[in-house]
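Asks: I have a structure I would like to understand better, so I am pasting it below and will then ask my questions one at a time.
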Amino acid sequence: MQATPVVSPGLDLQASFIEALHGLGLSDGIARLLWLPLPMVLVLVAAVVGVLVNVWLERKISAAVQQRIGPEYAGALGVLQPLADGLKLVFKEDIIPARADGLLFTLGPVLVLVPVILSWLVVPFGQHLLISDVGIGIFLWIALSSIQPIGLLMSGYASNNKYALLGGLRAAAQSISYEIPLALAVLAVVMMSNSLSTIDIVNQQTGAGILSWNIWRQPVGFVIFWICALAECERLPFDLPEAEEELVAGYQTEYAGMKFALFYLGSYINLVLSALLVSVLYLGGWGAPVSVEWLAGVLGQSVDAPLVQVFTGSLGIVMTLLKAYLLVFFAILLRWTVPRVRIDQLLDLGWKFLLPIGLVNLLVTAALKLAFPQAFGG
Amino acid sequence: MFGFLKKVGDYTQEAVGAARYITQGLGVTFDHMRRRPVTIQYPYEKLIPSERYRGRIHYEFDKCIACEVCVRVCPINLPVVDWVMNKATKKKELRNYSIDFGVCIFCGNCVEYCPTNCLSMTEEYELAAFDRHSLNYDNVALGRLPTSVTDDPAVRPMRELVYLPKGVVDPHGVAANEPRVGRLPEQVLETLPASAPADPGANA
């Protein structure tokens with residue numbers, strides 16, 4: 001277990017698990033093989049539960065904003081409502097419209113959902129609490145998220161429906177134009193942390209608690225990233241692809257049952273994922289507002305003590321989720337605050353505002369990195 | 001050069017303005033979250049219909065003289081008055097009376113013109129049915145009185161906006177004996193100066 005000298009190693013469940021299996025007399029390879037599915041299943045479950053929480057929050061917060069009550073009778077405060085919705089969708093008939101392209105129609109939702117779930121590979125909840133610390137980290141997410149519009153276009157085209165086709169085309173146009181400022185904003189962060197790995201990006205933000213978070217050094221990047229993330233998730237103000245007043249439901253128009261549920265799941269997992277990545281890139285990831293190392297020092301505890309390790313580990317998870325869901329809350333509030341933009345306003349904002357600002361932000365970050373290497377990760 | 005700088009300045013100003021307006025809007029939506037829900041939780045709570053609410057029509061068979069005025073004033077001649085002439089007494093004998101509430105527009109003309117006041121409006125508005133023919137009420141069905149919202153033990157009656165006390169917007173938690181905003185006609189009468197006894201020739 002090699003750790004960087006600055007940051008404490010923290011919990012390494014994988015190493016402990018493999019060590020424990022070694023104790024039972026299993027070989028190294030088998031121990032690793034047994035470990036592999038555990039984090040995957042855990043993250044998949046976490047993603048789905050995250051969606052359920054998200055749907056519930058969306059309905060409750062929307063209701064509160066409109067002075068309604070929202071779901072109330074399914075479980076306490078309606079917490080089981082998303083589950084009931086999901087179950088209903090599972091049992092609904094799977095319909096493929098007449099003269100639709102059956103293969104593309106089925107492949108579309110899969111192509112939308114799989115890259116989103118795959119992106120959870122690089123979301124860290126702690127120093128070792130992620131599926132895989134791939135070297136290209138955040139770049140993997142950007143690459144995967146550009147597969148999504150293909151799925152949307154595919155399902156829109158295969159539906160044999162003009163609204164679906166228009167929705168699919170809009171989704172593709174939107175995703176392509178907002179990917180560029182998004183990548184530029186990420187690039188500025190990457191430049192500061194000298195690494196694409198999400199772990200390194202978070203580690204670069206630890207040390208001084210809330211003061212060392214990237215949002216202070218990248219305020220413009222943060223805004224650009226969040227706007228682009230909302231556009232990528234097709235959240236209101238940017239929900240043109242599924243604008244229900246004009247396009248019925250966009251590319252989802254002809255979908256029912258489980259295929260629709262895949263779209264639904266995909267869009268909400270994407271929202272949670274985007275919020276998580278904002279918290280990773282700009283809000284210090286699993287880092288608490290007060291540095292845990294400093295706190296342990298004040299309380300006279302060793303950072304490597306098992307109990308403290310467990311505490312820091314769970315605090316990291318709680319912090320990551322807290323930041324992510326704060327952003328989700330903000331997104332929901334924004335949904336009821338701003339009206340939907342027109343397609344020309346959308347492209348205007350993407351190409352003529354966010355792209356130049358993103359470029360300037362990148363250049364300024366580079367200049368600041370050269371001028372103040374210690375503050376901007378030289 | 002300066003033109004370009006001015007453009008950049010204007011653009012920045014616009015962007016800052018837009019950001020400010022969005023923040024303002026977020027403030028409004030955020031503020032609404034702490035307000036109490038104003039919605040009426042329908043099957044458990046119901047609004048008390050106003051005094052002049054035009055609901056399902058009530059009909060008293062014994063008062064009816066089968067004059068068919070209601071049919072004539074109805075925009076679509078809806079009421080069906082089934083009578084026969086009794087040759088011996090030379091009087092109309094009413095057999096049946098029905099109104100189809102699947103077609104009625106609740107304009108209230110029949111109620112307005114009925115010479116014997118056998119038609120009246122109730123406050124019943126829950127007329128959903130599985131079969132549209134079951135909305136065709138005969139004289140027995142028309143003679144039933146609806147359950148009043150205030151008498152129904154399963155329902156919490158809520159006052160409408162105009163019946164609430166002054167300054168109150170939310171009907172939840174308003175006591176039943178709290179007076180509504182404004183004054184009742186008899187209260188208005190009390191404040192008027194005692195006028196001279198009505199001149200019988202004035203209205204003629």
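By order of appearance in the structure tokens: chains A, B, ..., then residues from 1 within every chain, and ligands from 1 in the order shown.
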Taking only C-alpha atoms into account, which residues of chain B are within 12 Å of chain A, as a PyMOL selection string?

Replies: chain B and resi 8+11-12+14-15+18-19+21-41+170

Asks: Could you give me the residues within region 107-164 of chain B that DSSP places in strand (DSSP E or B), as number ranges by chain?

Replies: B: 119-121, 136-137, 156-158

Asks: For Pro146 (chain B), find every residue with an atom within 12 Å (counting only C-alpha atoms), except residues of its own chain fewer than 5 positions away, and show them as a list in words.

Replies: Gly55, Arg56, Ile57, His58, Met121, Thr122, Glu123, Glu124, Tyr125, Glu126, Leu127, Ala141, Asp151 and Asp152 of chain B

Asks: Okay, now the selection with C-alpha atoms, as a tab-separated table (two decimals), in the first residue's frame?

Replies:
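Resulting contents of out_3.tsv:
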chain	number	residue	atom	x	y	z
B	55	GLY	CA	-74.62	22.11	-8.85
B	56	ARG	CA	-76.86	19.19	-9.63
B	57	ILE	CA	-80.53	20.25	-9.88
B	58	HIS	CA	-83.03	19.25	-7.22
B	121	MET	CA	-79.76	24.11	-7.37
B	122	THR	CA	-77.85	21.89	-4.95
B	123	GLU	CA	-74.14	22.03	-4.12
B	124	GLU	CA	-73.47	18.53	-5.45
B	125	TYR	CA	-70.72	18.44	-8.04
B	126	GLU	CA	-69.37	14.90	-7.81
B	127	LEU	CA	-71.25	13.48	-10.78
B	141	ALA	CA	-83.04	10.64	-8.25
B	151	ASP	CA	-72.20	17.42	7.61
B	152	ASP	CA	-70.01	14.66	6.22

Asks: Which residues come within 9 Å of Gln205 (chain A), counting only C-alpha atoms, excluding same-chain residues fewer than 5 positions away, as a list of chain:residue names?

Replies: A:Ser193, A:Asp200, A:Ile210, A:Leu211, A:Ser212, A:Trp213, A:Asn214, A:Leu281, A:Tyr282, A:Leu283, A:Gly284, A:Gly285, A:Gly287

Asks: Please provide the set of residues having any atom within 10 Å of Leu164 (chain B), restricted to only C-alpha atoms, with same-chain residues fewer than 5 positions apart removed, written as an NGL selection string.

Replies: :B and (158-159 or 169-171 or 174-176 or 178-182)

Asks: Would you write out those residues with C-alpha atoms, as a PDB file, in the first residue's frame?

Replies:
ATOM      1  CA  MET B 158     -62.586  24.170   3.924  1.00  0.00           C
ATOM      2  CA  ARG B 159     -63.786  27.675   3.252  1.00  0.00           C
ATOM      3  CA  VAL B 169     -55.306  33.032   2.562  1.00  0.00           C
ATOM      4  CA  ASP B 170     -55.069  29.483   3.846  1.00  0.00           C
ATOM      5  CA  PRO B 171     -58.329  27.777   4.896  1.00  0.00           C
ATOM      6  CA  VAL B 174     -59.520  28.632  10.417  1.00  0.00           C
ATOM      7  CA  ALA B 175     -62.123  28.162  13.155  1.00  0.00           C
ATOM      8  CA  ALA B 176     -65.693  27.559  11.981  1.00  0.00           C
ATOM      9  CA  GLU B 178     -64.582  33.061  12.661  1.00  0.00           C
ATOM     10  CA  PRO B 179     -66.425  35.701  10.633  1.00  0.00           C
ATOM     11  CA  ARG B 180     -65.680  36.090   6.963  1.00  0.00           C
ATOM     12  CA  VAL B 181     -64.147  39.210   5.505  1.00  0.00           C
ATOM     13  CA  GLY B 182     -66.505  42.157   5.044  1.00  0.00           C
TER      14      GLY B 182
END

Asks: Find the residues around Val186 (chain A) up to 10 Å (only C-alpha atoms counted), leave out those fewer than 3 positions away in its own chain, and share them as a CSV table (one decimal) with C-alpha atoms, in the first residue's frame.

Replies:
chain,number,residue,atom,x,y,z
A,138,ILE,CA,-12.1,12.2,-15.7
A,139,PHE,CA,-11.4,11.9,-19.4
A,142,ILE,CA,-16.1,12.8,-20.9
A,180,ILE,CA,-16.7,21.3,-25.6
A,181,PRO,CA,-17.0,24.0,-22.8
A,182,LEU,CA,-17.4,21.1,-20.4
A,183,ALA,CA,-14.1,19.6,-21.5
A,189,VAL,CA,-8.9,21.6,-13.2
A,190,VAL,CA,-6.7,18.9,-14.7
A,191,MET,CA,-4.0,21.4,-15.4
A,196,LEU,CA,-6.6,13.1,-15.0
A,221,GLY,CA,-14.9,26.9,-14.4
A,222,PHE,CA,-17.4,25.8,-11.7
A,224,ILE,CA,-19.4,26.7,-16.8
A,225,PHE,CA,-19.1,23.1,-15.7
A,278,VAL,CA,-18.9,18.7,-9.6
A,281,LEU,CA,-13.8,18.5,-9.3
A,282,TYR,CA,-14.7,21.7,-7.5
A,358,GLY,CA,-14.0,28.4,-21.1
A,362,LEU,CA,-8.1,27.9,-19.4

Asks: Which residues are close to region 92-94 of chain B, i.e. within 9 Å by only C-alpha atoms, leaving aside same-chain residues fewer than 6 positions away? Reply as a VMD selection string.

Replies: chain B and resid 61 64 to 67 81 to 86

Asks: Go ahead and compute the interatomic distance for CA of Pro339 (chain A) and CA of Pro237 (chain A), in Å to one decimal.

Replies: 5.7 Å

Asks: Which residue out of A:Ser175, A:Asn361, A:Ser267, A:Ser279 has the minimum interatomic distance to Leu326 (chain A) when only C-alpha atoms are used?

Replies: A:Ser279

Asks: Could you pull out the residues in region 157-262 of chain A that DSSP calls alpha helix (DSSP H) from the backbone, as a VMD selection string?

Replies: chain A and resid 157 to 158 162 to 193 198 to 203 214 to 217 219 to 232 244 to 247 257 to 262

Asks: Restricting the calculation to only C-alpha atoms: of B:Pro115, B:Pro185, B:Pro79, B:Pro49, which residue gets closest to Tyr137 (chain B)?

Replies: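 Result for the nearest residue to Tyr137 (chain B): B:Pro79.
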
Asks: Please, what distance in Å, to one decimal, runs between CA of Tyr59 (chain B) and CA of Leu184 (chain B)?

Replies: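 If I compute the distance from CA of Tyr59 (chain B) to CA of Leu184 (chain B), I get 29.4 Å.
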